[in-house]
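This is model_33.cif (mmCIF, C-alpha atoms, pLDDT in the B column; chains and numbers go by the auth columns).
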data_work
#
loop_
_atom_site.group_PDB
_atom_site.id
_atom_site.type_symbol
_atom_site.label_atom_id
_atom_site.label_comp_id
_atom_site.label_asym_id
_atom_site.label_seq_id
_atom_site.Cartn_x
_atom_site.Cartn_y
_atom_site.Cartn_z
_atom_site.B_iso_or_equiv
_atom_site.auth_seq_id
_atom_site.auth_asym_id
ATOM 1 C CA MET A 1 -17.439 10.221 -12.938 45.00 25 A
ATOM 2 C CA ASP A 2 -18.772 13.224 -11.000 63.00 26 A
ATOM 3 C CA THR A 3 -17.714 13.055 -7.352 73.00 27 A
ATOM 4 C CA GLY A 4 -19.556 16.217 -6.358 79.00 28 A
ATOM 5 C CA TYR A 5 -16.457 18.268 -5.510 87.00 29 A
ATOM 6 C CA ASP A 6 -15.010 21.304 -7.270 90.00 30 A
ATOM 7 C CA LEU A 7 -11.261 21.871 -7.378 91.00 31 A
ATOM 8 C CA ARG A 8 -10.401 25.393 -6.291 91.00 32 A
ATOM 9 C CA ALA A 9 -6.637 25.422 -6.914 92.00 33 A
ATOM 10 C CA VAL A 10 -3.479 23.314 -7.079 94.00 34 A
ATOM 11 C CA LEU A 11 -0.554 24.778 -5.147 95.00 35 A
ATOM 12 C CA GLY A 12 3.044 23.659 -5.427 92.00 36 A
ATOM 13 C CA ARG A 13 6.571 24.484 -4.377 89.00 37 A
ATOM 14 C CA GLY A 14 7.151 28.211 -4.115 90.00 38 A
ATOM 15 C CA ASP A 15 3.460 29.112 -3.788 95.00 39 A
ATOM 16 C CA ASP A 16 2.154 31.082 -0.815 96.00 40 A
ATOM 17 C CA LEU A 17 0.246 28.526 1.257 97.00 41 A
ATOM 18 C CA ALA A 18 -0.947 30.745 4.088 97.00 42 A
ATOM 19 C CA GLY A 19 -4.451 31.343 2.736 97.00 43 A
ATOM 20 C CA ALA A 20 -4.996 27.882 1.240 97.00 44 A
ATOM 21 C CA ALA A 21 -7.705 26.973 3.782 97.00 45 A
ATOM 22 C CA GLU A 22 -9.831 30.059 3.208 97.00 46 A
ATOM 23 C CA GLY A 23 -13.184 29.542 1.503 96.00 47 A
ATOM 24 C CA VAL A 24 -12.838 25.788 0.933 97.00 48 A
ATOM 25 C CA ASP A 25 -14.206 22.656 2.612 96.00 49 A
ATOM 26 C CA VAL A 26 -10.961 20.693 2.534 98.00 50 A
ATOM 27 C CA VAL A 27 -7.287 21.131 1.796 98.00 51 A
ATOM 28 C CA ILE A 28 -5.638 17.945 0.543 97.00 52 A
ATOM 29 C CA ILE A 29 -1.914 17.642 1.208 98.00 53 A
ATOM 30 C CA ALA A 30 -0.478 15.321 -1.440 95.00 54 A
ATOM 31 C CA THR A 31 3.228 15.659 -0.678 96.00 55 A
ATOM 32 C CA PRO A 32 5.882 13.126 0.355 95.00 56 A
ATOM 33 C CA ASP A 33 5.455 12.139 4.006 96.00 57 A
ATOM 34 C CA ALA A 34 8.454 14.158 5.151 97.00 58 A
ATOM 35 C CA ALA A 35 6.847 17.399 3.955 97.00 59 A
ATOM 36 C CA VAL A 36 3.312 16.965 5.307 98.00 60 A
ATOM 37 C CA ALA A 37 3.874 18.589 8.704 98.00 61 A
ATOM 38 C CA GLN A 38 5.768 21.521 7.183 97.00 62 A
ATOM 39 C CA VAL A 39 3.035 22.174 4.624 97.00 63 A
ATOM 40 C CA ALA A 40 0.262 21.917 7.228 98.00 64 A
ATOM 41 C CA ALA A 41 2.084 24.341 9.508 97.00 65 A
ATOM 42 C CA ALA A 42 2.434 26.859 6.675 97.00 66 A
ATOM 43 C CA ILE A 43 -1.340 27.062 6.187 98.00 67 A
ATOM 44 C CA THR A 44 -3.304 29.436 8.416 98.00 68 A
ATOM 45 C CA PRO A 45 -5.970 27.391 10.231 98.00 69 A
ATOM 46 C CA VAL A 46 -9.632 27.961 9.403 98.00 70 A
ATOM 47 C CA SER A 47 -11.937 26.283 11.897 97.00 71 A
ATOM 48 C CA SER A 48 -14.434 25.108 9.282 97.00 72 A
ATOM 49 C CA THR A 49 -11.862 23.680 6.857 98.00 73 A
ATOM 50 C CA VAL A 50 -10.615 20.096 7.002 98.00 74 A
ATOM 51 C CA MET A 51 -6.878 19.539 6.616 98.00 75 A
ATOM 52 C CA LEU A 52 -6.408 16.119 5.010 98.00 76 A
ATOM 53 C CA HIS A 53 -3.286 14.163 4.062 98.00 77 A
ATOM 54 C CA LEU A 54 -2.945 11.123 1.807 97.00 78 A
ATOM 55 C CA SER A 55 -0.191 9.329 3.717 97.00 79 A
ATOM 56 C CA GLY A 56 -0.634 5.726 4.732 96.00 80 A
ATOM 57 C CA ALA A 57 1.996 5.869 7.467 96.00 81 A
ATOM 58 C CA LEU A 58 1.386 9.204 9.198 97.00 82 A
ATOM 59 C CA GLY A 59 -1.116 9.935 11.932 97.00 83 A
ATOM 60 C CA LEU A 60 -3.200 13.050 12.399 98.00 84 A
ATOM 61 C CA ASP A 61 -0.728 14.782 14.687 97.00 85 A
ATOM 62 C CA VAL A 62 1.271 16.050 11.701 97.00 86 A
ATOM 63 C CA LEU A 63 -1.701 18.253 10.764 98.00 87 A
ATOM 64 C CA ALA A 64 -1.420 20.461 13.862 95.00 88 A
ATOM 65 C CA PRO A 65 -2.469 23.156 14.580 94.00 89 A
ATOM 66 C CA HIS A 66 -5.585 22.599 12.438 98.00 90 A
ATOM 67 C CA GLU A 67 -8.761 21.753 14.340 97.00 91 A
ATOM 68 C CA ARG A 68 -10.391 19.502 11.749 98.00 92 A
ATOM 69 C CA ARG A 69 -7.938 16.811 10.623 98.00 93 A
ATOM 70 C CA ALA A 70 -8.302 13.761 8.431 98.00 94 A
ATOM 71 C CA SER A 71 -6.370 11.226 6.394 98.00 95 A
ATOM 72 C CA LEU A 72 -7.384 9.310 3.283 98.00 96 A
ATOM 73 C CA HIS A 73 -4.997 6.674 1.934 98.00 97 A
ATOM 74 C CA PRO A 74 -5.847 4.786 -1.283 97.00 98 A
ATOM 75 C CA LEU A 75 -4.880 1.143 -0.828 97.00 99 A
ATOM 76 C CA VAL A 76 -3.720 0.645 -4.401 96.00 100 A
ATOM 77 C CA PRO A 77 -0.494 1.190 -6.365 94.00 101 A
ATOM 78 C CA LEU A 78 -0.418 4.538 -8.185 93.00 102 A
ATOM 79 C CA PRO A 79 2.605 4.328 -10.503 91.00 103 A
ATOM 80 C CA SER A 80 1.458 7.203 -12.721 93.00 104 A
ATOM 81 C CA ALA A 81 -1.230 9.884 -12.935 91.00 105 A
ATOM 82 C CA GLU A 82 -2.884 8.110 -15.854 93.00 106 A
ATOM 83 C CA VAL A 83 -3.154 4.799 -14.000 94.00 107 A
ATOM 84 C CA GLY A 84 -4.170 6.568 -10.793 92.00 108 A
ATOM 85 C CA ARG A 85 -7.157 8.316 -12.369 91.00 109 A
ATOM 86 C CA VAL A 86 -8.668 4.929 -13.170 94.00 110 A
ATOM 87 C CA ARG A 87 -7.655 2.993 -10.093 94.00 111 A
ATOM 88 C CA VAL A 88 -8.870 5.431 -7.435 94.00 112 A
ATOM 89 C CA ARG A 89 -12.362 5.128 -8.932 94.00 113 A
ATOM 90 C CA SER A 90 -12.356 1.353 -9.373 95.00 114 A
ATOM 91 C CA GLY A 91 -13.909 0.369 -6.038 96.00 115 A
ATOM 92 C CA ILE A 92 -10.687 0.234 -4.031 97.00 116 A
ATOM 93 C CA THR A 93 -10.258 0.354 -0.264 98.00 117 A
ATOM 94 C CA PHE A 94 -9.394 3.671 1.398 98.00 118 A
ATOM 95 C CA ALA A 95 -7.872 3.819 4.878 98.00 119 A
ATOM 96 C CA VAL A 96 -9.435 6.783 6.662 98.00 120 A
ATOM 97 C CA ALA A 97 -9.061 8.526 9.994 98.00 121 A
ATOM 98 C CA GLY A 98 -10.248 11.679 11.669 98.00 122 A
ATOM 99 C CA ASP A 99 -12.914 13.959 10.257 98.00 123 A
ATOM 100 C CA PRO A 100 -15.884 12.171 8.593 98.00 124 A
ATOM 101 C CA LEU A 101 -15.239 14.127 5.397 97.00 125 A
ATOM 102 C CA ALA A 102 -12.453 11.654 4.592 97.00 126 A
ATOM 103 C CA THR A 103 -14.992 8.834 4.488 97.00 127 A
ATOM 104 C CA ALA A 104 -17.364 10.949 2.402 97.00 128 A
ATOM 105 C CA ILE A 105 -14.639 11.593 -0.178 96.00 129 A
ATOM 106 C CA GLY A 106 -13.655 7.927 -0.321 97.00 130 A
ATOM 107 C CA ARG A 107 -17.257 6.850 -0.833 96.00 131 A
ATOM 108 C CA SER A 108 -17.796 9.521 -3.488 95.00 132 A
ATOM 109 C CA LEU A 109 -15.006 7.804 -5.442 95.00 133 A
ATOM 110 C CA GLY A 110 -16.864 4.494 -5.179 96.00 134 A
ATOM 111 C CA GLY A 111 -14.503 3.108 -2.563 97.00 135 A
ATOM 112 C CA LEU A 112 -14.788 1.028 0.592 98.00 136 A
ATOM 113 C CA CYS A 113 -13.548 2.957 3.634 98.00 137 A
ATOM 114 C CA VAL A 114 -11.894 1.310 6.640 98.00 138 A
ATOM 115 C CA GLU A 115 -11.039 3.226 9.803 97.00 139 A
ATOM 116 C CA ILE A 116 -7.382 3.000 10.860 97.00 140 A
ATOM 117 C CA ASP A 117 -6.528 4.687 14.149 94.00 141 A
ATOM 118 C CA ASP A 118 -3.174 6.384 14.615 94.00 142 A
ATOM 119 C CA ASP A 119 -1.845 3.660 16.936 95.00 143 A
ATOM 120 C CA ARG A 120 -2.354 1.052 14.193 96.00 144 A
ATOM 121 C CA ARG A 121 -1.201 3.203 11.319 96.00 145 A
ATOM 122 C CA ALA A 122 2.378 1.907 11.107 95.00 146 A
ATOM 123 C CA ALA A 123 1.250 -1.735 11.133 97.00 147 A
ATOM 124 C CA TYR A 124 -1.360 -1.000 8.460 97.00 148 A
ATOM 125 C CA HIS A 125 1.190 0.712 6.234 97.00 149 A
ATOM 126 C CA ALA A 126 3.768 -2.048 6.769 97.00 150 A
ATOM 127 C CA ALA A 127 1.198 -4.575 5.550 97.00 151 A
ATOM 128 C CA ALA A 128 0.425 -2.370 2.550 97.00 152 A
ATOM 129 C CA CYS A 129 4.107 -2.109 1.628 97.00 153 A
ATOM 130 C CA ILE A 130 4.595 -5.872 1.924 97.00 154 A
ATOM 131 C CA ALA A 131 1.516 -6.516 -0.231 96.00 155 A
ATOM 132 C CA SER A 132 2.593 -4.110 -2.946 96.00 156 A
ATOM 133 C CA ASN A 133 6.211 -2.900 -2.856 96.00 157 A
ATOM 134 C CA HIS A 134 7.679 -6.164 -1.614 97.00 158 A
ATOM 135 C CA VAL A 135 5.697 -8.236 -4.111 96.00 159 A
ATOM 136 C CA VAL A 136 7.032 -6.052 -6.934 97.00 160 A
ATOM 137 C CA ALA A 137 10.575 -6.430 -5.608 97.00 161 A
ATOM 138 C CA LEU A 138 10.057 -10.195 -5.366 97.00 162 A
ATOM 139 C CA LEU A 139 8.924 -10.341 -8.982 98.00 163 A
ATOM 140 C CA GLY A 140 12.052 -8.406 -9.843 98.00 164 A
ATOM 141 C CA GLN A 141 13.995 -11.335 -8.410 98.00 165 A
ATOM 142 C CA VAL A 142 11.822 -13.728 -10.401 98.00 166 A
ATOM 143 C CA GLU A 143 12.749 -11.777 -13.537 98.00 167 A
ATOM 144 C CA ARG A 144 16.478 -12.047 -12.799 98.00 168 A
ATOM 145 C CA VAL A 145 16.415 -15.757 -11.930 98.00 169 A
ATOM 146 C CA ALA A 146 14.162 -16.561 -14.888 97.00 170 A
ATOM 147 C CA ALA A 147 16.639 -14.856 -17.195 97.00 171 A
ATOM 148 C CA SER A 148 19.323 -17.294 -16.018 96.00 172 A
ATOM 149 C CA ALA A 149 17.047 -20.091 -17.277 96.00 173 A
ATOM 150 C CA GLY A 150 16.573 -18.323 -20.620 96.00 174 A
ATOM 151 C CA LEU A 151 13.029 -17.150 -19.880 97.00 175 A
ATOM 152 C CA GLY A 152 11.320 -13.796 -19.534 96.00 176 A
ATOM 153 C CA LEU A 153 9.115 -12.583 -16.705 97.00 177 A
ATOM 154 C CA ASP A 154 5.955 -13.035 -18.786 95.00 178 A
ATOM 155 C CA ALA A 155 6.120 -16.797 -18.335 91.00 179 A
ATOM 156 C CA PHE A 156 5.746 -16.370 -14.565 97.00 180 A
ATOM 157 C CA VAL A 157 3.267 -13.499 -14.233 97.00 181 A
ATOM 158 C CA SER A 158 0.249 -15.779 -14.679 96.00 182 A
ATOM 159 C CA LEU A 159 1.701 -18.119 -12.048 97.00 183 A
ATOM 160 C CA ALA A 160 1.968 -15.244 -9.578 97.00 184 A
ATOM 161 C CA ALA A 161 -1.527 -14.022 -10.445 96.00 185 A
ATOM 162 C CA ALA A 162 -2.980 -17.491 -9.863 97.00 186 A
ATOM 163 C CA ALA A 163 -1.224 -17.758 -6.500 97.00 187 A
ATOM 164 C CA VAL A 164 -2.650 -14.395 -5.416 97.00 188 A
ATOM 165 C CA GLN A 165 -6.121 -15.497 -6.501 97.00 189 A
ATOM 166 C CA ASP A 166 -5.722 -18.712 -4.492 98.00 190 A
ATOM 167 C CA VAL A 167 -4.856 -16.651 -1.411 97.00 191 A
ATOM 168 C CA SER A 168 -7.993 -14.578 -1.967 96.00 192 A
ATOM 169 C CA ASP A 169 -10.157 -17.689 -2.389 98.00 193 A
ATOM 170 C CA LEU A 170 -8.596 -20.052 0.165 97.00 194 A
ATOM 171 C CA GLY A 171 -6.511 -17.994 2.572 97.00 195 A
ATOM 172 C CA ALA A 172 -2.716 -17.820 2.606 97.00 196 A
ATOM 173 C CA ALA A 173 -2.020 -21.061 4.494 96.00 197 A
ATOM 174 C CA ALA A 174 -4.308 -23.220 2.359 96.00 198 A
ATOM 175 C CA ALA A 175 -2.982 -21.681 -0.857 97.00 199 A
ATOM 176 C CA LEU A 176 0.668 -22.447 -0.093 97.00 200 A
ATOM 177 C CA THR A 177 2.412 -25.012 -2.324 97.00 201 A
ATOM 178 C CA GLY A 178 6.030 -25.815 -3.200 96.00 202 A
ATOM 179 C CA PRO A 179 9.093 -27.551 -1.766 97.00 203 A
ATOM 180 C CA ALA A 180 9.482 -25.445 1.375 95.00 204 A
ATOM 181 C CA ALA A 181 5.851 -26.088 2.310 94.00 205 A
ATOM 182 C CA ARG A 182 6.155 -29.853 1.896 95.00 206 A
ATOM 183 C CA GLY A 183 9.572 -30.153 3.533 95.00 207 A
ATOM 184 C CA ASP A 184 11.457 -31.045 0.352 97.00 208 A
ATOM 185 C CA GLU A 185 14.876 -29.898 1.523 97.00 209 A
ATOM 186 C CA ALA A 186 16.707 -31.579 -1.384 98.00 210 A
ATOM 187 C CA THR A 187 14.901 -29.378 -3.899 98.00 211 A
ATOM 188 C CA VAL A 188 15.507 -26.276 -1.794 97.00 212 A
ATOM 189 C CA ALA A 189 19.218 -27.142 -1.755 98.00 213 A
ATOM 190 C CA ARG A 190 19.263 -27.554 -5.551 98.00 214 A
ATOM 191 C CA HIS A 191 17.667 -24.132 -5.931 98.00 215 A
ATOM 192 C CA ARG A 192 20.230 -22.500 -3.657 98.00 216 A
ATOM 193 C CA ALA A 193 23.088 -24.183 -5.517 98.00 217 A
ATOM 194 C CA VAL A 194 22.203 -22.595 -8.877 97.00 218 A
ATOM 195 C CA LEU A 195 21.284 -19.112 -7.661 98.00 219 A
ATOM 196 C CA ALA A 196 23.689 -16.228 -8.024 97.00 220 A
ATOM 197 C CA PRO A 197 25.220 -15.424 -4.611 97.00 221 A
ATOM 198 C CA GLU A 198 23.376 -12.094 -4.433 98.00 222 A
ATOM 199 C CA GLU A 199 20.018 -13.868 -4.877 98.00 223 A
ATOM 200 C CA VAL A 200 20.407 -16.410 -2.066 98.00 224 A
ATOM 201 C CA ALA A 201 19.443 -14.133 0.833 98.00 225 A
ATOM 202 C CA GLY A 202 16.153 -13.176 -0.816 97.00 226 A
ATOM 203 C CA TYR A 203 15.397 -16.811 -1.660 98.00 227 A
ATOM 204 C CA ASP A 204 16.188 -17.919 1.902 98.00 228 A
ATOM 205 C CA ALA A 205 13.865 -15.232 3.277 97.00 229 A
ATOM 206 C CA GLY A 206 11.061 -16.568 1.091 97.00 230 A
ATOM 207 C CA VAL A 207 11.741 -20.141 2.192 97.00 231 A
ATOM 208 C CA ALA A 208 11.622 -19.072 5.834 97.00 232 A
ATOM 209 C CA LEU A 209 8.272 -17.358 5.338 97.00 233 A
ATOM 210 C CA ALA A 210 6.898 -20.406 3.512 97.00 234 A
ATOM 211 C CA ARG A 211 8.029 -22.721 6.327 97.00 235 A
ATOM 212 C CA ARG A 212 6.430 -20.467 8.922 96.00 236 A
ATOM 213 C CA LEU A 213 3.159 -20.402 6.993 97.00 237 A
ATOM 214 C CA ALA A 214 3.225 -24.174 6.501 95.00 238 A
ATOM 215 C CA GLN A 215 3.675 -24.662 10.238 92.00 239 A
ATOM 216 C CA THR A 216 0.674 -22.411 10.842 81.00 240 A
ATOM 217 C CA GLU A 217 -1.414 -24.603 8.541 62.00 241 A
ATOM 218 C CA MET A 218 -0.316 -27.774 10.343 59.00 242 A
ATOM 219 C CA ALA A 219 -0.816 -26.409 13.877 49.00 243 A
ATOM 220 C CA PRO A 220 -3.597 -28.259 15.749 48.00 244 A
ATOM 221 C CA CYS A 221 -6.740 -26.345 16.614 43.00 245 A
ATOM 222 C CA ALA A 222 -7.089 -25.376 20.266 40.00 246 A
#

What is this structure when it is put down as structure tokens?
Amino acid sequence: MDTGYDLRAVLGRGDDLAGAAEGVDVVIIATPDAAVAQVAAAITPVSSTVMLHLSGALGLDVLAPHERRASLHPLVPLPSAEVGRVRVRSGITFAVAGDPLATAIGRSLGGLCVEIDDDRRAAYHAAACIASNHVVALLGQVERVAASAGLGLDAFVSLAAAAVQDVSDLGAAAALTGPAARGDEATVARHRAVLAPEEVAGYDAGVALARRLAQTEMAPCA
């Protein structure tokens, strides 16, 4: 897929970054969050060049002293370069801020761009981490507990996928099922009794979230 951009160079650790902004439309900083400000500060500003980072959590202030600043965060897991090449062009959502070039790049990749201001950036990224990282960690617990019943994770992946689809179709509250949602405390107690001690805290956290969501569903309309 031709996005209409030419790659000038890829710079890494140990390279001289001072002139990176010369003669280009945009410099993309694709480092860990902790290094973004340091890298931006090492590049001599060019007034016509956009300095853009890919962080979901950081605002535009870390790109000082550059005049044109932007951020472009792909709202999708990127576990490897091979997977990433496909996913970033699969019609995903990009969180953008700052210079309009960020939106232009996201759209050139076939994505949907949503504007996230700096004051909402942390909340946005927290939601992204819960939706992705925490779900993966939760399925890690599923894998461990399933093993104690003599089963592999594969038996439960379709269950999780169906639940996610129900949330997409119905909304989270309407999609909720299970003992915590229906107030079946006896079943919850049986679950807790057979879990390994190190699994109970995670299970209890899930039960608490399910109860909270169930109460939201039952709340009367104003």

Nearby residues, (-20.7, 15.5, -6.3) file frame, 12 Å, all atoms listed in the file, as a PyMOL selection string
chain A and resi 25-31+128-134

Which residues are near range 213-228 of chain A? Cut-off 12 Å, all atoms listed in the file, ignore same chain within fewer than 3 positions. Put them as a list in words.
His158, Ala161, Leu162, Leu163, Gly164, Gln165, Val166, Glu167, Arg168, Val169, Ala170, Ala171, Ser172, Ala173, Pro203, Ala204, Gly207, Asp208, Glu209, Ala210, Val231, Ala232, Leu233, Ala234 and Arg235 of chain A

Would you output that residue set with C-alpha atoms, as a PDB file, in the coordinates of the input?
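selection.pdb, freshly written:
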ATOM      1  CA  HIS A 158       7.679  -6.164  -1.614  1.00 97.00           C
ATOM      2  CA  ALA A 161      10.575  -6.430  -5.608  1.00 97.00           C
ATOM      3  CA  LEU A 162      10.057 -10.195  -5.366  1.00 97.00           C
ATOM      4  CA  LEU A 163       8.924 -10.341  -8.982  1.00 98.00           C
ATOM      5  CA  GLY A 164      12.052  -8.406  -9.843  1.00 98.00           C
ATOM      6  CA  GLN A 165      13.995 -11.335  -8.410  1.00 98.00           C
ATOM      7  CA  VAL A 166      11.822 -13.728 -10.401  1.00 98.00           C
ATOM      8  CA  GLU A 167      12.749 -11.777 -13.537  1.00 98.00           C
ATOM      9  CA  ARG A 168      16.478 -12.047 -12.799  1.00 98.00           C
ATOM     10  CA  VAL A 169      16.415 -15.757 -11.930  1.00 98.00           C
ATOM     11  CA  ALA A 170      14.162 -16.561 -14.888  1.00 97.00           C
ATOM     12  CA  ALA A 171      16.639 -14.856 -17.195  1.00 97.00           C
ATOM     13  CA  SER A 172      19.323 -17.294 -16.018  1.00 96.00           C
ATOM     14  CA  ALA A 173      17.047 -20.091 -17.277  1.00 96.00           C
ATOM     15  CA  PRO A 203       9.093 -27.551  -1.766  1.00 97.00           C
ATOM     16  CA  ALA A 204       9.482 -25.445   1.375  1.00 95.00           C
ATOM     17  CA  GLY A 207       9.572 -30.153   3.533  1.00 95.00           C
ATOM     18  CA  ASP A 208      11.457 -31.045   0.352  1.00 97.00           C
ATOM     19  CA  GLU A 209      14.876 -29.898   1.523  1.00 97.00           C
ATOM     20  CA  ALA A 210      16.707 -31.579  -1.384  1.00 98.00           C
ATOM     21  CA  VAL A 231      11.741 -20.141   2.192  1.00 97.00           C
ATOM     22  CA  ALA A 232      11.622 -19.072   5.834  1.00 97.00           C
ATOM     23  CA  LEU A 233       8.272 -17.358   5.338  1.00 97.00           C
ATOM     24  CA  ALA A 234       6.898 -20.406   3.512  1.00 97.00           C
ATOM     25  CA  ARG A 235       8.029 -22.721   6.327  1.00 97.00           C
TER      26      ARG A 235
END

In Å and to one decimal, CA of Glu91 in chain A is distant from CA of Leu125 in chain A by 13.4 Å

If the PyMOL selection byres ((chain A and resi 33-44) around 6) is run on the structure shown, which residues does it catch, given as a PyMOL selection string?
chain A and resi 31-32+45-46+66-68

Kindly export the residues of the current selection with C-alpha atoms, as a compact mmCIF listing (two decimals), in the frame of the given file.
# COMPACT_ATOMS: atom_id res chain seq x y z
CA LEU A 31 -11.26 21.87 -7.38
CA ARG A 32 -10.40 25.39 -6.29
CA ALA A 45 -7.70 26.97 3.78
CA GLU A 46 -9.83 30.06 3.21
CA ALA A 66 2.43 26.86 6.68
CA ILE A 67 -1.34 27.06 6.19
CA THR A 68 -3.30 29.44 8.42

Would you kindly return, as a PDB file with C-alpha atoms, in the coordinates of the input, each protein, DNA or RNA residue with an atom no farther than 9 Å from any atom of range 78-84 of chain A, considering all atoms listed in the file and excluding same-chain residues fewer than 2 positions away?
ATOM      1  CA  ILE A  52      -5.638  17.945   0.543  1.00 97.00           C
ATOM      2  CA  ILE A  53      -1.914  17.642   1.208  1.00 98.00           C
ATOM      3  CA  ALA A  54      -0.478  15.321  -1.440  1.00 95.00           C
ATOM      4  CA  THR A  55       3.228  15.659  -0.678  1.00 96.00           C
ATOM      5  CA  PRO A  56       5.882  13.126   0.355  1.00 95.00           C
ATOM      6  CA  ASP A  57       5.455  12.139   4.006  1.00 96.00           C
ATOM      7  CA  VAL A  60       3.312  16.965   5.307  1.00 98.00           C
ATOM      8  CA  LEU A  76      -6.408  16.119   5.010  1.00 98.00           C
ATOM      9  CA  VAL A  86       1.271  16.050  11.701  1.00 97.00           C
ATOM     10  CA  LEU A  87      -1.701  18.253  10.764  1.00 98.00           C
ATOM     11  CA  ALA A  88      -1.420  20.461  13.862  1.00 95.00           C
ATOM     12  CA  ARG A  93      -7.938  16.811  10.623  1.00 98.00           C
ATOM     13  CA  ALA A  94      -8.302  13.761   8.431  1.00 98.00           C
ATOM     14  CA  SER A  95      -6.370  11.226   6.394  1.00 98.00           C
ATOM     15  CA  LEU A  96      -7.384   9.310   3.283  1.00 98.00           C
ATOM     16  CA  HIS A  97      -4.997   6.674   1.934  1.00 98.00           C
ATOM     17  CA  PRO A  98      -5.847   4.786  -1.283  1.00 97.00           C
ATOM     18  CA  LEU A  99      -4.880   1.143  -0.828  1.00 97.00           C
ATOM     19  CA  ALA A 119      -7.872   3.819   4.878  1.00 98.00           C
ATOM     20  CA  ALA A 121      -9.061   8.526   9.994  1.00 98.00           C
ATOM     21  CA  GLY A 122     -10.248  11.679  11.669  1.00 98.00           C
ATOM     22  CA  ASP A 141      -6.528   4.687  14.149  1.00 94.00           C
ATOM     23  CA  ASP A 142      -3.174   6.384  14.615  1.00 94.00           C
ATOM     24  CA  ASP A 143      -1.845   3.660  16.936  1.00 95.00           C
ATOM     25  CA  ARG A 145      -1.201   3.203  11.319  1.00 96.00           C
ATOM     26  CA  ALA A 146       2.378   1.907  11.107  1.00 95.00           C
ATOM     27  CA  ALA A 147       1.250  -1.735  11.133  1.00 97.00           C
ATOM     28  CA  TYR A 148      -1.360  -1.000   8.460  1.00 97.00           C
ATOM     29  CA  HIS A 149       1.190   0.712   6.234  1.00 97.00           C
ATOM     30  CA  ALA A 150       3.768  -2.048   6.769  1.00 97.00           C
ATOM     31  CA  ALA A 152       0.425  -2.370   2.550  1.00 97.00           C
TER      32      ALA A 152
END

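Atom pair CA of Val74 in chain A / CA of Ala126 in chain A has a distance of 9.0 Å (rounded to one decimal).
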
Rank A:Ala197, A:Ala184, A:Asp190, A:Val212 by their smallest atom-to-atom distance to Gln239 in chain A, using all atoms listed in the file, and report the top residue only.
A:Ala197

Please return the centre and edge lengths, in Å to one decimal, of a box with edges along x, y and z that contains all listed atoms of range 215-233 of chain A, widened by 6 Å on every side, as lines of an AutoDock Vina configuration file.
center_x = 16.7
center_y = -18.1
center_z = -1.5
size_x = 28.9
size_y = 24.1
size_z = 26.7

Find, counting all atoms listed in the file, the residue in A:Arg92, A:Arg236, A:His77, A:Arg206 that gets nearest to Pro124 in chain A.
A:Arg92

Which one is closest to Asp85 in chain A: A:Val51, A:Pro101, A:Thr73, A:Gln62? Count all atoms listed in the file.
A:Gln62

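The coordinates place CA of Ala229 in chain A at 23.0 Å from CA of Gly176 in chain A.
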
Counting only C-alpha atoms, find the residues whose atoms lie at most 12 Å from (-10.7, 0.8, -10.6) (file coordinates) and write them out as number ranges by chain.
A: 25, 98-102, 106-117, 133-136
